[in-house]
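One file, final.tsv, is given below (TSV, C-alpha atoms).
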chain	number	residue	atom	x	y	z
A	5	MET	CA	58.87	-10.37	62.60
A	6	ILE	CA	55.79	-12.55	63.12
A	7	LYS	CA	56.06	-15.61	65.32
A	8	THR	CA	53.20	-18.16	65.09
A	9	LEU	CA	52.56	-20.63	67.89
A	10	ARG	CA	50.04	-23.39	68.55
A	11	LYS	CA	48.96	-23.06	72.19
A	12	GLN	CA	49.54	-26.33	73.99
A	13	ALA	CA	47.57	-27.88	76.86
A	14	TYR	CA	49.32	-25.64	79.35
A	15	ALA	CA	51.34	-22.45	79.21
A	16	VAL	CA	54.89	-22.98	78.01
A	17	PRO	CA	57.54	-20.25	77.97
A	18	MET	CA	57.81	-18.70	74.53
A	19	ALA	CA	61.56	-19.28	74.54
A	20	ALA	CA	60.96	-23.00	74.08
A	21	PHE	CA	59.35	-22.30	70.72
A	22	ILE	CA	61.17	-19.36	69.19
A	23	GLY	CA	64.65	-19.70	70.61
A	24	LEU	CA	64.76	-16.57	72.73
A	25	SER	CA	67.28	-16.73	75.53
A	26	ALA	CA	66.04	-16.74	79.11
A	27	THR	CA	67.92	-13.53	79.79
A	28	SER	CA	65.95	-11.70	77.10
A	29	MET	CA	62.65	-12.27	78.94
A	30	VAL	CA	63.08	-10.38	82.17
A	31	GLN	CA	60.89	-7.30	81.83
A	32	ALA	CA	57.41	-7.04	80.36
A	33	ALA	CA	56.58	-4.55	77.60
A	34	ASP	CA	53.59	-2.50	76.49
A	35	LEU	CA	51.32	-4.72	74.41
A	36	THR	CA	48.72	-4.39	71.69
A	37	ILE	CA	46.36	-7.39	71.69
A	38	SER	CA	43.63	-8.63	69.36
A	39	VAL	CA	41.50	-11.80	69.54
A	40	GLN	CA	39.63	-13.55	66.70
A	41	ASN	CA	36.84	-16.12	66.98
A	42	LEU	CA	37.76	-19.05	64.72
A	43	THR	CA	34.55	-21.08	65.12
A	44	GLN	CA	31.42	-21.45	62.99
A	45	GLY	CA	28.75	-21.30	65.69
A	46	ILE	CA	30.36	-20.60	69.07
A	47	THR	CA	30.06	-17.28	70.92
A	48	PHE	CA	32.57	-16.18	73.57
A	49	THR	CA	31.52	-14.43	76.76
A	50	PRO	CA	33.34	-11.25	77.88
A	51	PHE	CA	37.09	-11.80	78.07
A	52	LEU	CA	39.40	-11.46	81.04
A	53	VAL	CA	42.84	-10.20	80.00
A	54	ALA	CA	45.37	-10.28	82.85
A	55	ALA	CA	49.03	-9.47	83.40
A	56	HIS	CA	50.69	-10.98	86.46
A	57	ASP	CA	53.81	-12.62	87.87
A	58	ASP	CA	55.04	-16.15	87.17
A	59	ALA	CA	53.45	-17.56	90.34
A	60	THR	CA	49.90	-16.65	89.29
A	61	LYS	CA	47.85	-18.98	87.07
A	62	LEU	CA	44.17	-18.95	86.18
A	63	TYR	CA	44.00	-22.73	86.00
A	64	GLN	CA	46.13	-25.87	85.70
A	65	VAL	CA	45.31	-28.57	83.17
A	66	GLY	CA	44.95	-31.99	84.80
A	67	MET	CA	43.90	-30.45	88.12
A	68	PRO	CA	40.46	-29.52	89.51
A	69	ALA	CA	39.13	-26.08	88.62
A	70	SER	CA	39.02	-23.40	91.27
A	71	LEU	CA	35.62	-21.93	92.17
A	72	SER	CA	36.63	-18.73	90.36
A	73	LEU	CA	37.41	-20.68	87.19
A	74	GLN	CA	34.20	-22.69	87.56
A	75	MET	CA	32.14	-19.49	87.73
A	76	MET	CA	33.67	-18.32	84.47
A	77	ALA	CA	33.49	-21.69	82.67
A	78	GLU	CA	29.84	-22.37	83.59
A	79	GLY	CA	28.36	-18.89	83.55
A	80	GLY	CA	30.85	-16.52	81.95
A	81	SER	CA	31.47	-14.52	85.13
A	82	ILE	CA	35.04	-13.18	85.22
A	83	ASP	CA	34.69	-11.09	88.39
A	84	ALA	CA	36.19	-13.66	90.77
A	85	LEU	CA	39.12	-14.46	88.48
A	86	ALA	CA	39.82	-10.74	88.06
A	87	ALA	CA	39.76	-10.30	91.83
A	88	ASP	CA	42.18	-13.21	92.24
A	89	VAL	CA	44.64	-11.64	89.81
A	90	MET	CA	44.42	-8.21	91.40
A	91	ALA	CA	44.85	-9.68	94.88
A	92	ALA	CA	48.11	-11.21	93.62
A	93	GLY	CA	49.32	-7.80	92.42
A	94	GLY	CA	48.38	-8.18	88.77
A	95	GLU	CA	46.61	-5.92	86.27
A	96	VAL	CA	43.39	-6.78	84.44
A	97	ILE	CA	41.25	-5.63	81.55
A	98	THR	CA	37.69	-6.96	81.63
A	99	ASN	CA	35.65	-7.25	78.45
A	100	PRO	CA	37.77	-5.28	75.97
A	101	HIS	CA	35.21	-6.17	73.27
A	102	GLN	CA	32.38	-4.54	75.28
A	103	ASN	CA	30.15	-7.41	74.23
A	104	VAL	CA	30.11	-11.13	73.49
A	105	LEU	CA	32.35	-12.25	70.61
A	106	LYS	CA	30.25	-13.91	67.90
A	107	PRO	CA	31.47	-16.29	65.18
A	108	SER	CA	33.96	-14.68	62.76
A	109	GLU	CA	34.19	-11.53	64.89
A	110	SER	CA	37.40	-10.10	66.30
A	111	VAL	CA	38.16	-8.05	69.36
A	112	ALA	CA	39.50	-4.77	68.02
A	113	ALA	CA	43.17	-4.30	68.88
A	114	PHE	CA	43.62	-2.73	72.30
A	115	ASP	CA	46.64	-1.57	74.29
A	116	PHE	CA	47.65	-3.11	77.60
A	117	ASP	CA	50.29	-1.60	79.86
A	118	THR	CA	51.43	-4.62	81.89
A	119	GLY	CA	53.63	-2.60	84.24
A	120	SER	CA	56.20	-4.81	85.93
A	121	ASN	CA	54.18	-7.99	85.32
A	122	THR	CA	55.87	-10.62	83.19
A	123	HIS	CA	53.08	-13.03	82.22
A	124	LEU	CA	49.85	-12.74	80.23
A	125	SER	CA	46.60	-14.69	80.59
A	126	ILE	CA	43.37	-14.49	78.57
A	127	THR	CA	40.19	-16.49	79.12
A	128	SER	CA	36.51	-16.69	78.14
A	129	MET	CA	33.60	-19.16	78.23
A	130	LEU	CA	32.25	-20.81	75.07
A	131	LEU	CA	28.49	-20.57	74.49
A	132	PRO	CA	26.47	-22.70	74.07
A	133	THR	CA	28.35	-25.18	76.32
A	134	ASN	CA	28.03	-26.43	79.86
A	135	ASP	CA	31.54	-25.58	81.08
A	136	ALA	CA	33.90	-25.05	78.14
A	137	PHE	CA	36.41	-22.21	78.12
A	138	ALA	CA	39.37	-21.05	76.06
A	139	GLY	CA	42.54	-19.93	77.75
A	140	LEU	CA	45.99	-18.50	77.40
A	141	ASN	CA	47.47	-19.29	80.78
A	142	ALA	CA	50.54	-17.51	82.19
A	143	TRP	CA	52.30	-16.91	78.87
A	144	GLN	CA	55.71	-15.37	79.50
A	145	ILE	CA	55.81	-12.03	77.70
A	146	PRO	CA	58.87	-11.60	75.49
A	147	THR	CA	60.88	-8.40	75.74
A	148	GLU	CA	61.93	-8.78	72.12
A	149	ALA	CA	59.73	-6.44	70.08
A	150	GLY	CA	57.61	-8.20	67.48
A	151	THR	CA	54.26	-9.78	66.64
A	152	TYR	CA	53.39	-13.07	68.32
A	153	VAL	CA	50.44	-15.19	67.12
A	154	MET	CA	48.88	-17.97	69.18
A	155	HIS	CA	46.00	-20.36	68.49
A	156	LEU	CA	44.11	-21.35	71.63
A	157	ASN	CA	42.33	-24.59	72.46
A	158	ALA	CA	39.03	-25.08	74.28
A	159	TYR	CA	39.12	-26.81	77.66
A	160	ASP	CA	36.47	-28.58	79.72
A	161	ALA	CA	36.47	-27.31	83.29
A	162	GLY	CA	35.34	-30.75	84.51
A	163	THR	CA	32.86	-29.15	86.89
A	164	GLU	CA	29.59	-29.94	85.12
A	165	ALA	CA	28.25	-32.81	83.03
A	166	ASN	CA	28.02	-31.99	79.33
A	167	ASN	CA	24.30	-32.65	79.05
A	168	GLU	CA	24.06	-30.12	76.17
A	169	LEU	CA	20.65	-28.91	77.33
A	170	VAL	CA	19.75	-25.21	77.28
A	171	VAL	CA	18.32	-24.30	80.68
A	172	PRO	CA	17.44	-20.61	81.10
A	173	GLY	CA	18.88	-19.36	84.38
A	174	ALA	CA	21.64	-21.97	84.49
A	175	GLY	CA	25.25	-20.83	84.75
A	176	ALA	CA	25.83	-20.65	88.48
A	177	PRO	CA	27.93	-23.45	90.04
A	178	GLY	CA	25.67	-26.41	90.71
A	179	ALA	CA	22.96	-25.31	88.25
A	180	LEU	CA	23.20	-27.93	85.50
A	181	GLY	CA	22.58	-26.71	81.97
A	182	ILE	CA	23.70	-24.33	79.24
A	183	PRO	CA	22.66	-20.79	80.20
A	184	ALA	CA	22.09	-19.41	76.68
A	185	ASP	CA	22.92	-19.46	72.99
A	186	PRO	CA	23.44	-15.88	71.77
A	187	THR	CA	23.04	-16.99	68.13
A	188	GLY	CA	19.56	-18.42	68.83
A	189	MET	CA	20.26	-21.59	66.84
A	190	THR	CA	19.75	-24.22	69.54
A	191	GLY	CA	16.82	-26.60	69.71
A	192	THR	CA	14.60	-27.82	72.56
A	193	GLY	CA	13.35	-31.06	74.05
A	194	GLY	CA	16.67	-32.88	74.40
A	195	THR	CA	16.95	-35.65	76.96
A	196	GLY	CA	20.62	-35.08	77.80
A	197	VAL	CA	23.90	-36.31	76.33
A	198	ALA	CA	25.92	-36.98	79.49
A	199	MET	CA	24.70	-37.10	83.05
A	200	ALA	CA	28.14	-37.09	84.69
A	201	ASP	CA	31.70	-36.05	83.91
A	202	THR	CA	34.10	-38.99	84.07
A	203	ASN	CA	37.08	-36.60	84.07
A	204	THR	CA	36.52	-33.96	86.72
A	205	ASN	CA	39.87	-32.27	86.16
A	206	ILE	CA	40.45	-29.54	83.58
A	207	HIS	CA	41.06	-31.24	80.23
A	208	ILE	CA	40.88	-30.68	76.47
A	209	HIS	CA	37.22	-30.41	75.51
A	210	ARG	CA	35.78	-33.14	73.29
A	211	GLY	CA	33.68	-30.56	71.42
A	212	ALA	CA	29.90	-30.41	71.30
A	213	LEU	CA	28.23	-33.58	70.03
A	214	GLY	CA	24.79	-32.20	69.16
A	215	ASP	CA	22.18	-33.93	67.02
A	216	ASP	CA	19.97	-33.13	64.02
A	217	ASP	CA	16.63	-33.06	65.87
A	218	ALA	CA	15.61	-29.52	66.80
A	219	MET	CA	12.59	-30.65	68.84
A	220	ALA	CA	13.86	-33.77	70.62
A	221	GLY	CA	16.90	-36.06	70.55
A	222	LYS	CA	19.59	-36.12	73.21
A	223	SER	CA	21.04	-32.64	72.69
A	224	ASP	CA	19.65	-29.14	72.25
A	225	LEU	CA	22.73	-28.30	70.15
A	226	ASP	CA	22.78	-28.56	66.37
A	227	ASN	CA	25.53	-30.85	65.10
A	228	THR	CA	25.78	-28.82	61.88
A	229	VAL	CA	26.29	-25.53	63.75
A	230	HIS	CA	27.77	-26.00	67.21
A	231	ARG	CA	30.45	-28.62	66.58
A	232	TRP	CA	34.03	-27.38	66.76
A	233	LEU	CA	37.59	-28.62	66.53
A	234	ASN	CA	40.54	-26.96	68.21
A	235	PRO	CA	41.85	-24.29	68.00
A	236	VAL	CA	38.95	-21.90	68.69
A	237	LEU	CA	40.67	-18.53	69.13
A	238	LYS	CA	43.50	-16.67	67.45
A	239	VAL	CA	45.37	-14.24	69.70
A	240	THR	CA	47.81	-11.71	68.28
A	241	VAL	CA	50.12	-9.90	70.68
A	242	VAL	CA	52.34	-7.05	69.51
A	243	VAL	CA	55.23	-6.37	71.89
A	244	LYS	CA	56.30	-2.77	71.41
For this file, write the structure as structure tokens.
Amino acid sequence: MIKTLRKQAYAVPMAAFIGLSATSMVQAADLTISVQNLTQGITFTPFLVAAHDDATKLYQVGMPASLSLQMMAEGGSIDALAADVMAAGGEVITNPHQNVLKPSESVAAFDFDTGSNTHLSITSMLLPTNDAFAGLNAWQIPTEAGTYVMHLNAYDAGTEANNELVVPGAGAPGALGIPADPTGMTGTGGTGVAMADTNTNIHIHRGALGDDDAMAGKSDLDNTVHRWLNPVLKVTVVVK
């Protein structure tokens, strides 16, 4: 049985969508997971896949990002988030794709033994962006065997202005700019789209604005390539 969900702005127990009783969701199961890039021109940095208890969350929409989340959203570094999960007693898999995930690519299905952990989280940065990331946050793992499909939105971490300028070496907290575009399709010479974030909490990303001037304009992003609409990822979880 395949269950298809649209991931909302924050993690909601699966029972609310598919009618599973609360008593059927007590113990986690072995999982097989795959992830597909749904965008035309966005690349995803290495993924963090984490299993943990119900008290652990990677982020909370409408609240400021933690430093660990900021490091991932601005520069793609998942080390601090992985350490946070492990410190809370969780299990992690880092970079199951063994590379960045380019447009139309999928992460080959991989197995994840979640042990006694009951919740699943997955996250990755979007490139080329200033601080956009996609996330599945503290999804309660069903114990009912089956295939569960979720479509994930992109969020703005709210930690960096979306100036949409490629600045080699950017990516660390406080270093304004897009660190790279793995597809090599960005331009140069932009003057900057936004100089400040008016919403400094985690929120749904507006998408890249871009322009059609590869040598000047406001943005270094191409509005025919780098624009996106949610959702940006498809996650398939098989509960064995």
Review point. Residues at most 10 Å from Ser38 in chain A, counting only C-alpha atoms, excluding those fewer than 5 positions away in the same chain, as a list of chain:residue names?
Key: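 These residues fall inside the cut-off: A:Pro100, A:His101, A:Ser110, A:Val111, A:Ala112, A:Ala113, A:Phe114, A:Asp115, A:Val153, A:Lys238, A:Val239, A:Thr240, A:Val241, A:Val242.
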Using C-alpha atoms, can you export the residues from the last selection as a CSV table (one decimal), in the coordinates of the input?
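Output below, filename again-v7.csv:
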chain,number,residue,atom,x,y,z
A,100,PRO,CA,37.8,-5.3,76.0
A,101,HIS,CA,35.2,-6.2,73.3
A,110,SER,CA,37.4,-10.1,66.3
A,111,VAL,CA,38.2,-8.0,69.4
A,112,ALA,CA,39.5,-4.8,68.0
A,113,ALA,CA,43.2,-4.3,68.9
A,114,PHE,CA,43.6,-2.7,72.3
A,115,ASP,CA,46.6,-1.6,74.3
A,153,VAL,CA,50.4,-15.2,67.1
A,238,LYS,CA,43.5,-16.7,67.4
A,239,VAL,CA,45.4,-14.2,69.7
A,240,THR,CA,47.8,-11.7,68.3
A,241,VAL,CA,50.1,-9.9,70.7
A,242,VAL,CA,52.3,-7.0,69.5
Check your understanding: Which residue gives the smallest distance to Gly66 in chain A among A:Gly221, A:Gly162, A:Pro107, A:Pro132, with all atoms listed in the file counted?
Key ->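 Smallest separation from Gly66 in chain A among the options: A:Gly162.
Distance annotation: of A:Asp117, A:Asp201, A:Glu148, A:Asp185, the residue with the minimal separation from His230 in chain A is A:Asp185; atom set is all atoms listed in the file.
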Check your understanding: When you draw a straight line from CA of Asp224 in chain A to CA of Gly196 in chain A, how long is it in Å?
Key ->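 So the answer is 8.2 Å.
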Point to revise | Within 6 Å of Ala77 in chain A using only C-alpha atoms, minus same-chain residues under 3 positions, as a count of residues only | key: 6
Practice item. State, in Å with one decimal place, the distance from CA of Thr195 in chain A to CA of Leu213 in chain A. Key: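 Computed distance, CA of Thr195 in chain A to CA of Leu213 in chain A, equals 13.4 Å.
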Exercise for review: Considering only C-alpha atoms, state which residue in the set A:Gln102, A:Ser125, A:Ala184, A:Met75 is at the smallest distance from Asn141 in chain A.
Suggested key: A:Ser125
Exercise for review: For range 39-55 of chain A, list every protein, DNA or RNA residue within 7 Å, evaluated using all atoms listed in the file, and leave out those in the same chain fewer than 6 positions away; present the list as a VMD selection string.
Suggested key: chain A and resid 80 82 94 to 100 103 to 111 118 121 to 132 186 229 to 230 232 236 to 240
Taking every listed atom of range 133-149 of chain A and adding 4 Å to each side, what centre and edge lengths in Å (one decimal) does the axis-aligned box have, as lines of an AutoDock Vina configuration file?
center_x = 45.0
center_y = -16.4
center_z = 76.1
size_x = 41.9
size_y = 28.0
size_z = 20.1
Review point. What does the distance from CA of Met90 in chain A to CA of Thr60 in chain A come to in Å, to one decimal?
Key: 10.3 Å
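Each of A:Val170, A:Ile145, A:Ile206, A:Ala176 was compared to Leu35 in chain A using only C-alpha atoms, and A:Ile145 turns out to be the nearest.
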Exercise for review: Identify which of the residues A:Asn227, A:Asn234, A:Thr36, A:Asn134 lies closest to Glu164 in chain A, counting only C-alpha atoms when measuring atom-to-atom distances.
Suggested key: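 Looking only at the distances to Glu164 in chain A, the closest residue turns out to be A:Asn134.
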